[in-house]
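**Q** There's a structure below that I have some questions on.
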Amino acid sequence: MKGDRVEIVVDAGDTTRTYEVVASRAGRRVETAVRRGVVEVSEVTRSGSVVRTARFMATRVLALVEQPVPREEATEREARTGRSLGEDPETA
């Protein structure tokens with residue numbers, strides 16, 4: 001979902017570095033995977049195509065923080081559209 005973010009805090013020797021991967025467009029999401037000692041954070045389209053990937057050695061990663069965009073509740077959606085989700089627009 002657009003706006004989803006993952007922050008990666010990495011040990012860089014005498015200091016730490018923070019990297020961010022953000023779902024930059026509508027319909028994209030951010031996925032994380034840990035494989036063979038490597039942490040991969042990827043921005044993925046609806047069809048599953050990878051747009052960009054950030055890779056880090058798992059031994060150097062201090063924190064992996066996923067920050068999803070707050071989803072709106074059904075009542076908020078109803079207030080915005082003026083009808084409930086189950087209501088047929090033809091009969092309303």
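Chain identifiers are assigned as A, B, and so on, following the order in which chains appear in the structure tokens; residues are numbered from 1 within each chain, and ligands are numbered from 1 in order of appearance.
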So that I can see what lies close to Ala33 (chain A), please list as a list in words the residues with an atom at most 12 Å from it, counting only C-alpha atoms and leaving out residues fewer than 2 positions away in the same chain.
**A**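 In the requested form, the answer reads Val6, Val30, Glu31, Arg35, Arg36, Gly37, Val38, Val39, Glu40, Val41, Ser42, Glu43, Thr53, Ala54, Arg55, Phe56, Met57, Ala58 and Leu64 of chain A.
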**Q** Grab the CA of Ala63 (chain A) to CA of Ile8 (chain A) distance for me, in Å with one decimal place.
**A** 5.9 Å
**Q** Could you state the separation of CA of Ala23 (chain A) and CA of Val44 (chain A) in Å, given to one decimal place?
**A**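 CA of Val44 (chain A) lies at a distance of 7.9 Å from CA of Ala23 (chain A).
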**Q** For the atom pair CA of Ala26 (chain A) and CA of Glu66 (chain A), what is the interatomic distance in Å to one decimal place?
**A**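 That distance, rounded to one decimal, is 17.9 Å.
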**Q** Nearest residue to Val69 (chain A) out of A:Tyr19, A:Ser47, A:Arg29, A:Gly13, using only C-alpha atoms?
**A**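 Counting only C-alpha atoms, the residue closest to Val69 (chain A) is A:Arg29.
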**Q** Using only C-alpha atoms, find the one residue out of A:Val21, A:Val10, A:Arg52, A:Thr59 that sits nearest to Val34 (chain A).
**A** A:Thr59
**Q** Would you please work out which residue, of A:Gly3, A:Val9, A:Thr16, A:Thr32, is nearest to Val50 (chain A) when using only C-alpha atoms?
**A** A:Thr32
**Q** Could you check the closest approach to Val61 (chain A) for each of A:Asp11, A:Glu20, A:Arg25, A:Ser49 and tell me which residue wins, using only C-alpha atoms?
**A** A:Asp11
**Q** Write out as a PyMOL selection string all residues of region 11-56 of chain A that backbone DSSP assigns to strand (DSSP E).
**A** chain A and resi 11+16-22+29-35+38-44+50-56
**Q** Could you write those residues out with C-alpha atoms, as a PDB file, in the first residue's frame?
**A**
ATOM      1  CA  ASP A  11      25.796  -1.497  12.397  1.00  0.00           C
ATOM      2  CA  THR A  16      24.812   3.052  12.980  1.00  0.00           C
ATOM      3  CA  ARG A  17      23.112   3.885   9.711  1.00  0.00           C
ATOM      4  CA  THR A  18      19.400   3.973   9.012  1.00  0.00           C
ATOM      5  CA  TYR A  19      17.932   3.127   5.634  1.00  0.00           C
ATOM      6  CA  GLU A  20      14.301   3.357   4.499  1.00  0.00           C
ATOM      7  CA  VAL A  21      12.401   1.533   1.786  1.00  0.00           C
ATOM      8  CA  VAL A  22       9.041   3.169   1.003  1.00  0.00           C
ATOM      9  CA  ARG A  29       3.918  -2.761  -1.091  1.00  0.00           C
ATOM     10  CA  VAL A  30       7.116  -3.442   0.828  1.00  0.00           C
ATOM     11  CA  GLU A  31       8.148  -7.036   1.570  1.00  0.00           C
ATOM     12  CA  THR A  32      10.924  -8.307   3.821  1.00  0.00           C
ATOM     13  CA  ALA A  33      12.719 -11.645   3.649  1.00  0.00           C
ATOM     14  CA  VAL A  34      15.650 -13.226   5.463  1.00  0.00           C
ATOM     15  CA  ARG A  35      17.499 -15.765   3.330  1.00  0.00           C
ATOM     16  CA  VAL A  38      20.931 -11.773   4.044  1.00  0.00           C
ATOM     17  CA  VAL A  39      18.018  -9.464   4.864  1.00  0.00           C
ATOM     18  CA  GLU A  40      16.187  -8.319   1.717  1.00  0.00           C
ATOM     19  CA  VAL A  41      13.670  -5.484   1.716  1.00  0.00           C
ATOM     20  CA  SER A  42      11.878  -5.041  -1.621  1.00  0.00           C
ATOM     21  CA  GLU A  43       9.308  -2.685  -3.088  1.00  0.00           C
ATOM     22  CA  VAL A  44       6.896  -4.841  -5.097  1.00  0.00           C
ATOM     23  CA  VAL A  50      10.258  -6.152  -7.851  1.00  0.00           C
ATOM     24  CA  VAL A  51      10.909  -2.432  -8.355  1.00  0.00           C
ATOM     25  CA  ARG A  52      13.903  -2.087  -6.032  1.00  0.00           C
ATOM     26  CA  THR A  53      15.665  -4.188  -3.419  1.00  0.00           C
ATOM     27  CA  ALA A  54      17.912  -3.333  -0.479  1.00  0.00           C
ATOM     28  CA  ARG A  55      20.152  -6.143   0.828  1.00  0.00           C
ATOM     29  CA  PHE A  56      22.010  -6.220   4.130  1.00  0.00           C
TER      30      PHE A  56
END
**Q** Given only C-alpha atoms as the basis, pick out the residue of A:Gly27, A:Thr15, A:Arg5, A:Arg60 nearest to Thr45 (chain A).
**A**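 Selected residue with least distance to Thr45 (chain A): A:Gly27.
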